Amino acid sequence: MIIAATLLVPLTTTTTAAYAQQQGKACPPGFQLNKGVCQAEPGLSCDYLYEWNRPDRVRLTEDGQCEVTVATSPACVDPNAYYDIGTDMCEIAQTNDPAPNQEMHCAQYEEVGATVQDFEGYWQCVWYDYYQPEREDCTVGTLNEESGLCEVKPGRRA
């Protein structure tokens, strides 16, 4: 009799997660069961940067930062020339004639690491600014302010 009871104990023992799944109380996709509560990190968003930047120049990086691509007109190496975005070249000041030296630079943006690149069809000084993302609201469950996680009871669906 003692042997039979010993054999049955391991067969009826299950983990909390397995028990919840057996009872039809699995967590929603992206959530993990933790001490009887399904939890997930809220999403991160860079949408707040759209107010000052074009959406196609804002992205969330893999390491969780908001990257903003900044582009502005370069300067001409020839001191008597200026960059004309309409012709996409250096022109001699007040003549609309092409400058003999078409080299451009971004020395005025050196501290941010700008480089001259063909960007959106024009020569531009391009660099990247980085910002912290904002946490999005929980689309499933509610935000636990203490843990900073979205939480929902097992078995609840979106």
# chains A, B, ... in the order shown; residues from 1 in each chain; ligands from 1
$ select_by_dssp --residues "range 13-153 of chain A" --states "helix (DSSP H, G or I)" --output "PyMOL selection string"
chain A and resi 16-22+47-51+55-57+107-112
$ residues_around --residues "Val126 in chain A" --least-positions-apart "6" --cutoff "6 Å" --atoms "only C-alpha atoms" --output "ChimeraX atom specification"
/A:70-71,114-115
$ residues_around --residues "Trp123 in chain A" --least-positions-apart "2" --cutoff "12 Å" --atoms "only C-alpha atoms" --output "PyMOL selection string"
chain A and resi 71-76+83-90+102-106+115-121+125-126
$ write_last_selection --atoms "C-alpha atoms" --output "PDB file, in the first residue's frame"
ATOM      1  CA  ALA A  71      19.514  65.740 -42.433  1.00  0.00           C
ATOM      2  CA  THR A  72      20.398  69.271 -43.502  1.00  0.00           C
ATOM      3  CA  SER A  73      22.204  70.984 -46.335  1.00  0.00           C
ATOM      4  CA  PRO A  74      25.969  70.595 -46.510  1.00  0.00           C
ATOM      5  CA  ALA A  75      28.460  73.428 -46.949  1.00  0.00           C
ATOM      6  CA  CYS A  76      30.658  73.848 -50.003  1.00  0.00           C
ATOM      7  CA  TYR A  83      24.899  74.610 -51.723  1.00  0.00           C
ATOM      8  CA  ASP A  84      21.685  74.908 -53.772  1.00  0.00           C
ATOM      9  CA  ILE A  85      19.235  72.105 -52.958  1.00  0.00           C
ATOM     10  CA  GLY A  86      17.344  72.840 -56.193  1.00  0.00           C
ATOM     11  CA  THR A  87      20.329  71.909 -58.346  1.00  0.00           C
ATOM     12  CA  ASP A  88      21.907  69.655 -55.681  1.00  0.00           C
ATOM     13  CA  MET A  89      25.324  71.230 -56.201  1.00  0.00           C
ATOM     14  CA  CYS A  90      27.599  74.033 -55.101  1.00  0.00           C
ATOM     15  CA  GLN A 102      31.821  70.635 -56.157  1.00  0.00           C
ATOM     16  CA  GLU A 103      33.171  69.187 -52.897  1.00  0.00           C
ATOM     17  CA  MET A 104      30.870  69.478 -49.885  1.00  0.00           C
ATOM     18  CA  HIS A 105      31.440  69.054 -46.172  1.00  0.00           C
ATOM     19  CA  CYS A 106      29.645  68.928 -42.829  1.00  0.00           C
ATOM     20  CA  THR A 115      28.654  62.910 -42.891  1.00  0.00           C
ATOM     21  CA  VAL A 116      27.806  63.956 -46.451  1.00  0.00           C
ATOM     22  CA  GLN A 117      25.487  61.335 -47.935  1.00  0.00           C
ATOM     23  CA  ASP A 118      23.084  61.015 -50.828  1.00  0.00           C
ATOM     24  CA  PHE A 119      19.922  61.152 -48.748  1.00  0.00           C
ATOM     25  CA  GLU A 120      16.427  61.182 -50.249  1.00  0.00           C
ATOM     26  CA  GLY A 121      17.898  62.182 -53.609  1.00  0.00           C
ATOM     27  CA  CYS A 125      24.689  66.209 -43.868  1.00  0.00           C
ATOM     28  CA  VAL A 126      23.204  63.228 -42.054  1.00  0.00           C
TER      29      VAL A 126
END
$ closest_residue --among "A:Tyr82, A:Phe31, A:Tyr50, A:Tyr122" --to "Pro98 in chain A" --atoms "only C-alpha atoms"
A:Tyr82
$ residues_around --residues "Asp47 in chain A" --least-positions-apart "4" --cutoff "10 Å" --atoms "only C-alpha atoms" --output "VMD selection string"
chain A and resid 51 53 55 58 to 60 66 133 to 134 136
$ residues_around --residues "Leu143 in chain A" --least-positions-apart "3" --cutoff "12 Å" --atoms "only C-alpha atoms" --output "list in words"
Cys38, Gln39, Ala40, Glu41, Pro42, Gly43, Arg135, Glu136, Asp137, Cys138, Thr139, Val140, Glu146, Ser147, Gly148, Leu149, Cys150, Glu151 and Val152 of chain A
$ atom_distance --atom1 "CA of Glu62 in chain A" --atom2 "CA of Gln132 in chain A"
12.7 Å
$ select_by_dssp --residues "chain A" --states "strand (DSSP E)" --output "VMD selection string"
chain A and resid 32 to 34 37 to 40 44 to 45 58 to 60 66 to 72 75 to 76 81 to 84 89 to 92 97 to 98 104 to 105 115 to 119 122 to 131 134 to 135 142 to 144 149 to 152
$ closest_residue --among "A:Ala26, A:Ala81, A:Val68, A:Ala93" --to "Tyr130 in chain A" --atoms "only C-alpha atoms"
A:Val68
$ closest_residue --among "A:Ser45, A:Thr69, A:Thr142, A:Asn101" --to "Tyr128 in chain A" --atoms "only C-alpha atoms"
A:Thr69
$ closest_residue --among "A:Glu91, A:Glu110, A:Asp97, A:Glu67" --to "Asp129 in chain A" --atoms "only C-alpha atoms"
A:Glu67
$ closest_residue --among "A:Ala99, A:Ala107, A:Leu33, A:Cys46" --to "Gly64 in chain A" --atoms "only C-alpha atoms"
A:Cys46
